[in-house]
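Chemist: Structure supplied as model_3.tsv; contents: TSV, C-alpha atoms and all ligand atoms.
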chain	number	residue	atom	x	y	z
A	1	MET	CA	40.12	12.31	-41.78
A	2	ASN	CA	39.16	10.06	-38.90
A	3	ARG	CA	42.24	11.09	-36.99
A	4	MET	CA	41.33	14.74	-37.49
A	5	LYS	CA	37.81	14.11	-36.30
A	6	SER	CA	38.93	12.34	-33.14
A	7	SER	CA	41.51	15.04	-32.51
A	8	ASN	CA	38.73	17.66	-32.75
A	9	GLY	CA	36.70	15.60	-30.31
A	10	PHE	CA	39.60	15.57	-27.88
A	11	TRP	CA	40.01	19.35	-27.94
A	12	ALA	CA	36.27	19.85	-27.78
A	13	SER	CA	35.98	17.73	-24.64
A	14	LEU	CA	39.00	19.40	-23.06
A	15	PHE	CA	37.48	22.85	-23.40
A	16	ALA	CA	33.86	21.78	-22.99
A	17	LYS	CA	31.91	23.90	-20.55
A	18	ASP	CA	30.59	22.49	-17.31
A	19	VAL	CA	26.96	21.45	-17.46
A	20	SER	CA	23.85	22.55	-15.62
A	21	LEU	CA	21.33	20.20	-14.03
A	22	ASP	CA	18.82	20.56	-16.87
A	23	GLN	CA	21.47	19.22	-19.28
A	24	LEU	CA	21.66	16.00	-17.28
A	25	PRO	CA	19.05	13.18	-17.22
A	26	PHE	CA	17.87	14.18	-13.75
A	27	GLU	CA	14.30	12.93	-14.15
A	28	THR	CA	13.79	11.31	-10.76
A	29	ASP	CA	14.26	12.88	-7.34
A	30	MET	CA	14.16	10.09	-4.75
A	31	HIS	CA	14.82	12.23	-1.67
A	32	SER	CA	12.86	15.35	-0.79
A	33	HIS	CA	11.08	17.12	2.06
A	34	VAL	CA	8.34	18.57	-0.09
A	35	LEU	CA	5.40	16.91	1.69
A	36	PRO	CA	4.18	20.03	3.52
A	37	GLY	CA	3.89	20.51	7.27
A	38	VAL	CA	5.35	17.21	8.48
A	39	ASP	CA	9.05	17.91	9.14
A	40	ASP	CA	11.72	20.60	8.73
A	41	GLY	CA	11.02	20.89	5.00
A	42	PHE	CA	8.19	22.75	3.30
A	43	ARG	CA	5.55	24.30	5.53
A	44	SER	CA	2.73	25.09	3.12
A	45	LEU	CA	1.13	23.33	0.18
A	46	GLU	CA	1.44	26.55	-1.80
A	47	HIS	CA	5.24	26.53	-1.51
A	48	SER	CA	5.38	22.79	-2.20
A	49	CYS	CA	3.40	23.35	-5.41
A	50	GLU	CA	5.76	26.13	-6.45
A	51	ALA	CA	8.75	23.87	-5.73
A	52	VAL	CA	7.51	20.94	-7.79
A	53	SER	CA	6.49	23.22	-10.63
A	54	ARG	CA	10.03	24.66	-10.74
A	55	LEU	CA	11.58	21.19	-10.54
A	56	ALA	CA	9.39	20.11	-13.46
A	57	GLU	CA	10.77	23.04	-15.48
A	58	MET	CA	14.24	21.63	-14.78
A	59	GLY	CA	13.25	18.24	-16.20
A	60	VAL	CA	12.11	16.31	-13.11
A	61	ARG	CA	9.36	13.82	-13.98
A	62	ASN	CA	9.20	11.59	-10.90
A	63	MET	CA	9.54	12.33	-7.18
A	64	ILE	CA	9.49	10.38	-3.97
A	65	LEU	CA	8.47	12.44	-0.96
A	66	THR	CA	10.62	11.31	1.96
A	67	PRO	CA	9.86	13.10	5.25
A	68	HIS	CA	12.03	12.38	8.28
A	69	ILE	CA	10.80	9.38	10.24
A	70	TYR	CA	12.24	9.82	13.72
A	71	PRO	CA	9.88	9.44	16.69
A	72	GLU	CA	12.00	11.60	19.00
A	73	LEU	CA	11.91	14.67	16.72
A	74	TYR	CA	8.75	14.02	14.69
A	75	PRO	CA	6.42	11.93	16.87
A	76	GLY	CA	3.51	12.52	14.48
A	77	ASN	CA	5.25	10.86	11.51
A	78	SER	CA	4.22	7.25	11.01
A	79	TYR	CA	3.21	5.12	8.05
A	80	GLY	CA	-0.46	6.02	8.56
A	81	THR	CA	-0.04	9.79	8.94
A	82	ILE	CA	2.43	10.15	6.06
A	83	VAL	CA	0.39	8.06	3.62
A	84	SER	CA	-2.73	9.97	4.61
A	85	LYS	CA	-1.04	13.38	4.19
A	86	PHE	CA	0.32	12.22	0.82
A	87	GLY	CA	-3.23	11.30	-0.24
A	88	GLU	CA	-4.42	14.80	0.72
A	89	VAL	CA	-1.89	16.72	-1.38
A	90	LYS	CA	-0.84	14.50	-4.27
A	91	ASP	CA	-3.47	15.75	-6.72
A	92	SER	CA	-2.54	19.39	-6.09
A	93	LEU	CA	1.17	18.63	-6.51
A	94	ARG	CA	0.47	16.68	-9.68
A	95	GLU	CA	-1.72	19.46	-11.07
A	96	ALA	CA	1.00	22.05	-10.38
A	97	SER	CA	3.78	20.09	-12.04
A	98	GLY	CA	2.71	17.04	-14.04
A	99	ILE	CA	5.22	15.06	-11.93
A	100	ASN	CA	4.53	11.47	-10.79
A	101	PHE	CA	4.73	11.19	-7.00
A	102	LEU	CA	5.20	8.36	-4.54
A	103	PRO	CA	5.20	8.48	-0.74
A	104	GLY	CA	8.31	7.35	1.13
A	105	GLY	CA	10.36	8.26	4.15
A	106	GLU	CA	13.86	8.91	5.44
A	107	HIS	CA	14.32	6.72	8.50
A	108	MET	CA	16.70	7.81	11.25
A	109	VAL	CA	18.88	4.97	12.56
A	110	TYR	CA	18.35	5.66	16.26
A	111	GLU	CA	19.15	3.33	19.16
A	112	GLY	CA	16.85	0.33	18.95
A	113	PHE	CA	15.68	1.16	15.39
A	114	GLU	CA	16.54	-2.37	14.28
A	115	ASP	CA	13.92	-3.72	16.71
A	116	THR	CA	11.15	-1.65	15.13
A	117	PHE	CA	11.20	-3.11	11.60
A	118	SER	CA	7.72	-3.91	10.38
A	119	GLY	CA	5.59	-3.84	7.27
A	120	GLU	CA	4.77	-0.23	8.17
A	121	MET	CA	8.09	1.29	7.18
A	122	LEU	CA	7.93	3.98	4.52
A	123	LEU	CA	9.67	2.14	1.74
A	124	LEU	CA	10.87	3.25	-1.66
A	125	PRO	CA	10.10	1.02	-4.67
A	126	GLY	CA	11.89	-2.33	-4.89
A	127	LYS	CA	11.86	-2.67	-1.07
A	128	HIS	CA	14.50	0.04	-0.79
A	129	ILE	CA	14.58	1.90	2.50
A	130	LEU	CA	16.26	5.29	2.88
A	131	ILE	CA	18.16	5.63	6.17
A	132	GLU	CA	20.05	8.52	7.74
A	133	MET	CA	22.12	9.26	10.83
A	134	SER	CA	23.08	12.23	12.97
A	135	TYR	CA	25.71	14.39	11.25
A	136	ALA	CA	27.82	14.37	14.41
A	137	TYR	CA	28.32	10.68	15.14
A	138	GLU	CA	27.80	7.31	13.50
A	139	SER	CA	24.84	5.29	14.80
A	140	ALA	CA	26.29	2.47	16.90
A	141	ASN	CA	23.76	0.07	15.37
A	142	LEU	CA	24.37	1.00	11.70
A	143	ASP	CA	25.99	-2.32	10.76
A	144	GLU	CA	23.36	-4.32	12.66
A	145	THR	CA	20.59	-2.29	10.99
A	146	VAL	CA	22.00	-2.87	7.50
A	147	PHE	CA	22.49	-6.58	8.18
A	148	ARG	CA	19.01	-7.13	9.57
A	149	LEU	CA	17.31	-5.12	6.84
A	150	ILE	CA	19.08	-7.18	4.19
A	151	CYS	CA	18.19	-10.44	5.99
A	152	MET	CA	14.53	-9.34	5.89
A	153	GLY	CA	14.70	-8.77	2.13
A	154	TYR	CA	15.02	-4.96	2.19
A	155	ASN	CA	17.59	-2.86	0.34
A	156	PRO	CA	19.04	-0.20	2.65
A	157	VAL	CA	20.15	3.09	1.09
A	158	LEU	CA	22.23	5.46	3.20
A	159	ALA	CA	21.29	9.09	2.53
A	160	HIS	CA	24.06	11.60	1.77
A	161	PRO	CA	27.13	9.80	3.21
A	162	GLU	CA	29.25	12.79	2.15
A	163	ARG	CA	27.52	14.96	4.75
A	164	TYR	CA	28.49	12.93	7.80
A	165	LEU	CA	31.28	14.84	9.49
A	166	PHE	CA	32.78	11.76	11.16
A	167	TYR	CA	33.61	9.94	7.92
A	168	PRO	CA	37.12	10.76	6.74
A	169	SER	CA	37.71	11.43	3.09
A	170	ASP	CA	39.81	8.26	2.68
A	171	LEU	CA	36.41	6.55	2.25
A	172	VAL	CA	37.57	3.36	4.00
A	173	ARG	CA	34.48	3.19	6.23
A	174	ILE	CA	32.15	4.30	3.45
A	175	ARG	CA	33.46	1.55	1.17
A	176	GLU	CA	32.98	-0.94	4.02
A	177	ILE	CA	29.32	0.07	4.32
A	178	VAL	CA	28.86	-0.48	0.59
A	179	ASP	CA	30.58	-3.87	0.85
A	180	LYS	CA	28.07	-4.83	3.56
A	181	GLY	CA	25.29	-4.34	1.02
A	182	CYS	CA	24.13	-0.78	1.75
A	183	LYS	CA	23.63	1.50	-1.24
A	184	LEU	CA	24.49	5.20	-1.19
A	185	GLN	CA	22.43	8.21	-2.25
A	186	PHE	CA	24.09	11.55	-2.82
A	187	ASN	CA	22.75	15.05	-2.52
A	188	LEU	CA	23.26	16.99	-5.71
A	189	LEU	CA	23.84	20.16	-3.69
A	190	SER	CA	26.85	18.58	-1.99
A	191	LEU	CA	28.86	18.86	-5.19
A	192	GLY	CA	28.13	22.58	-5.30
A	193	GLY	CA	29.58	23.14	-1.82
A	194	PHE	CA	26.18	23.89	-0.27
A	195	TYR	CA	27.01	21.79	2.81
A	196	GLY	CA	30.61	22.99	3.07
A	197	LYS	CA	33.94	22.13	1.53
A	198	GLY	CA	34.34	18.82	3.39
A	199	ALA	CA	31.07	17.44	2.01
A	200	ALA	CA	31.97	18.65	-1.50
A	201	VAL	CA	35.38	16.96	-1.39
A	202	LYS	CA	33.89	13.69	-0.13
A	203	ALA	CA	31.06	13.80	-2.66
A	204	ARG	CA	33.57	14.16	-5.48
A	205	ALA	CA	35.68	11.29	-4.12
A	206	ILE	CA	32.70	8.95	-3.69
A	207	LEU	CA	31.42	9.90	-7.14
A	208	GLU	CA	34.79	9.35	-8.80
A	209	ARG	CA	35.08	5.89	-7.23
A	210	GLY	CA	31.64	4.94	-8.56
A	211	LEU	CA	30.20	4.21	-5.11
A	212	TYR	CA	26.89	6.07	-5.37
A	213	SER	CA	23.78	4.28	-6.58
A	214	PHE	CA	21.24	7.12	-6.49
A	215	ALA	CA	20.92	10.91	-6.54
A	216	GLY	CA	18.43	13.28	-4.97
A	217	THR	CA	17.89	16.88	-4.00
A	218	ASP	CA	17.02	16.40	-0.29
A	219	LEU	CA	15.03	19.57	-1.00
A	220	HIS	CA	13.93	21.54	2.08
A	221	SER	CA	13.26	25.02	0.67
A	222	LEU	CA	12.65	27.11	-2.44
A	223	ALA	CA	16.07	28.73	-1.97
A	224	GLN	CA	17.69	25.36	-2.60
A	225	ILE	CA	16.04	25.25	-6.03
A	226	ASP	CA	17.85	28.47	-6.94
A	227	MET	CA	21.08	26.84	-5.80
A	228	LEU	CA	20.39	23.73	-7.86
A	229	ARG	CA	19.72	25.95	-10.86
A	230	SER	CA	22.97	27.84	-10.45
A	231	MET	CA	25.09	24.70	-9.99
A	232	ARG	CA	27.50	23.59	-12.68
A	233	PHE	CA	28.74	20.02	-12.86
A	234	ARG	CA	32.18	19.19	-14.18
A	235	ARG	CA	32.24	17.69	-17.63
A	236	ARG	CA	34.40	14.77	-16.43
A	237	HIS	CA	31.70	13.78	-13.90
A	238	VAL	CA	28.94	13.66	-16.49
A	239	PRO	CA	29.13	9.93	-17.41
A	240	GLU	CA	28.97	8.88	-13.75
A	241	LEU	CA	26.21	11.38	-12.98
A	242	GLU	CA	24.24	10.06	-15.93
A	243	ARG	CA	24.65	6.47	-14.72
A	244	ILE	CA	23.43	7.37	-11.23
A	245	MET	CA	20.52	9.48	-12.48
A	246	LEU	CA	19.31	6.78	-14.88
A	247	ASN	CA	19.62	4.25	-12.06
A	248	THR	CA	17.45	6.49	-9.86
A	249	THR	CA	14.76	6.56	-12.54
A	250	LYS	CA	15.01	2.77	-12.77
A	251	LEU	CA	14.39	2.61	-9.01
A	252	PHE	CA	11.23	4.72	-9.34
A	253	LEU	CA	9.90	2.46	-12.09
A	254	ASP	CA	10.62	-0.74	-10.08
B	301	FE	FE	16.61	14.31	3.90
Just dump the structure as structure tokens.
Ligand SMILES: [Fe+2]
Modeler:
Amino acid sequence: MNRMKSSNGFWASLFAKDVSLDQLPFETDMHSHVLPGVDDGFRSLEHSCEAVSRLAEMGVRNMILTPHIYPELYPGNSYGTIVSKFGEVKDSLREASGINFLPGGEHMVYEGFEDTFSGEMLLLPGKHILIEMSYAYESANLDETVFRLICMGYNPVLAHPERYLFYPSDLVRIREIVDKGCKLQFNLLSLGGFYGKGAAVKARAILERGLYSFAGTDLHSLAQIDMLRSMRFRRRHVPELERIMLNTTKLFLD
């Protein structure tokens, strides 16, 4: 009887259908460009409200708004302006969705970034700090940045490592970054091929080696919500996706 039951389970899992995002515990989005009018993400509060309302329908309960923090491209984005803008819109976003929001930022690792560290960085809970690089080349000061952040008691998290064109899919360098104490966040859309085949292949490889700590949408537009909705995740990735998603919620509640 038991043997029959486990045999049924085997066949069921073999032929199980892929799953959609709302079948996964994706309750916390820790990377998004939904704070309106501050970067290359959403432009109007109206569209931001529509976005968060649709994410709530998909099961999202918590969000960290993480605009790009990069003086060269977005000179107006600083701790003061982002926190103030967040204060202006958070009630409207909350009313539209019921989601819990926190302000944060996605810090570009530009030349000299490691000399700018201060109490005015846009942190995520638990002293985590989301960092990113150019897609074309690795920041020369990445290792120094990670080292100094850790020495100062912060927890660096590299955004979407799968999207950086210069990292080969053997993951040697990516694993080295993890070994140096930097956590990795992956973009859900990468697995769906939204950023190209190379990013999808790397995302799968990083996921299958258990190297990601967190997941996010990196949402920039309403069109990306349609893509998230149409995505299907492979059944064999579900346990790892669940681990990462639950860990992301744990981060929010830190
Ligand atoms: Fe981003």
Chemist: List all protein, DNA and RNA residues that have an atom no more than 10 Å from any atom of ligand FE 301 (chain B), counting all atoms listed in the file, and report them as a PDB file with C-alpha atoms, in the frame of the given file.
Modeler:
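Full text of pocket-v5.pdb as output:
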ATOM      1  CA  MET A  30      14.160  10.090  -4.750  1.00  0.00           C
ATOM      2  CA  HIS A  31      14.820  12.230  -1.670  1.00  0.00           C
ATOM      3  CA  SER A  32      12.860  15.350  -0.790  1.00  0.00           C
ATOM      4  CA  HIS A  33      11.080  17.120   2.060  1.00  0.00           C
ATOM      5  CA  ASP A  39       9.050  17.910   9.140  1.00  0.00           C
ATOM      6  CA  ASP A  40      11.720  20.600   8.730  1.00  0.00           C
ATOM      7  CA  GLY A  41      11.020  20.890   5.000  1.00  0.00           C
ATOM      8  CA  LEU A  65       8.470  12.440  -0.960  1.00  0.00           C
ATOM      9  CA  THR A  66      10.620  11.310   1.960  1.00  0.00           C
ATOM     10  CA  PRO A  67       9.860  13.100   5.250  1.00  0.00           C
ATOM     11  CA  HIS A  68      12.030  12.380   8.280  1.00  0.00           C
ATOM     12  CA  ILE A  69      10.800   9.380  10.240  1.00  0.00           C
ATOM     13  CA  GLY A 105      10.360   8.260   4.150  1.00  0.00           C
ATOM     14  CA  GLU A 106      13.860   8.910   5.440  1.00  0.00           C
ATOM     15  CA  HIS A 107      14.320   6.720   8.500  1.00  0.00           C
ATOM     16  CA  MET A 108      16.700   7.810  11.250  1.00  0.00           C
ATOM     17  CA  LEU A 130      16.260   5.290   2.880  1.00  0.00           C
ATOM     18  CA  ILE A 131      18.160   5.630   6.170  1.00  0.00           C
ATOM     19  CA  GLU A 132      20.050   8.520   7.740  1.00  0.00           C
ATOM     20  CA  ALA A 159      21.290   9.090   2.530  1.00  0.00           C
ATOM     21  CA  HIS A 160      24.060  11.600   1.770  1.00  0.00           C
ATOM     22  CA  ASN A 187      22.750  15.050  -2.520  1.00  0.00           C
ATOM     23  CA  GLY A 216      18.430  13.280  -4.970  1.00  0.00           C
ATOM     24  CA  THR A 217      17.890  16.880  -4.000  1.00  0.00           C
ATOM     25  CA  ASP A 218      17.020  16.400  -0.290  1.00  0.00           C
ATOM     26  CA  LEU A 219      15.030  19.570  -1.000  1.00  0.00           C
ATOM     27  CA  HIS A 220      13.930  21.540   2.080  1.00  0.00           C
TER      28      HIS A 220
END
Chemist: As an exercise, work out the distance from atom CA of A:Asp22 to atom CA of A:Phe86 in Å and give it to one decimal place.
Modeler: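 It comes out at 26.9 Å.
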Chemist: Between atom CA of A:Pro75 and atom CA of A:Ile150, what is the distance, to one decimal in Å?
Modeler: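 These two atoms are separated by 26.2 Å.
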Chemist: Find, counting all atoms listed in the file, the residue in A:Ser118, A:Thr81, A:Asn62, A:Ser48 that gets nearest to A:Leu149.
Modeler: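 Counting all atoms listed in the file, the residue closest to A:Leu149 is A:Ser118.
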Chemist: Show me as a list of chain:residue names the residues that reach within 8 Å of (16.5, 27.0, -14.3), counting all atoms listed in the file and using the file's own coordinates.
Modeler: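 Within 8 Å of (16.5, 27.0, -14.3), the protein and nucleic acid residues are A:Asp22, A:Arg54, A:Glu57, A:Met58, A:Asp226, A:Arg229, A:Ser230.
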Chemist: So, counting all atoms listed in the file, which residue among A:Leu165, A:Arg209, A:Ile99, A:Asp18 is closest to A:Arg234?
Modeler: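 Answer, going by the shortest atom-to-atom distance: A:Asp18.
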Chemist: Calculated over all atoms listed in the file, which of the candidates A:Phe101, A:Tyr74, A:Phe214, A:Phe233 has the smallest distance to A:His128?
Modeler: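 With all atoms listed in the file as the atom set, the closest residue is A:Phe214.
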Chemist: What's the 10 Å shell around A:Phe166, counting all atoms listed in the file, without same-chain residues fewer than 4 positions away, as a ChimeraX atom specification?
Modeler: /A:134-138,161-162
Chemist: Would you output that residue set with C-alpha atoms, as a PDB file, in the frame of the given file?
Modeler:
ATOM      1  CA  SER A 134      23.080  12.230  12.970  1.00  0.00           C
ATOM      2  CA  TYR A 135      25.710  14.390  11.250  1.00  0.00           C
ATOM      3  CA  ALA A 136      27.820  14.370  14.410  1.00  0.00           C
ATOM      4  CA  TYR A 137      28.320  10.680  15.140  1.00  0.00           C
ATOM      5  CA  GLU A 138      27.800   7.310  13.500  1.00  0.00           C
ATOM      6  CA  PRO A 161      27.130   9.800   3.210  1.00  0.00           C
ATOM      7  CA  GLU A 162      29.250  12.790   2.150  1.00  0.00           C
TER       8      GLU A 162
END
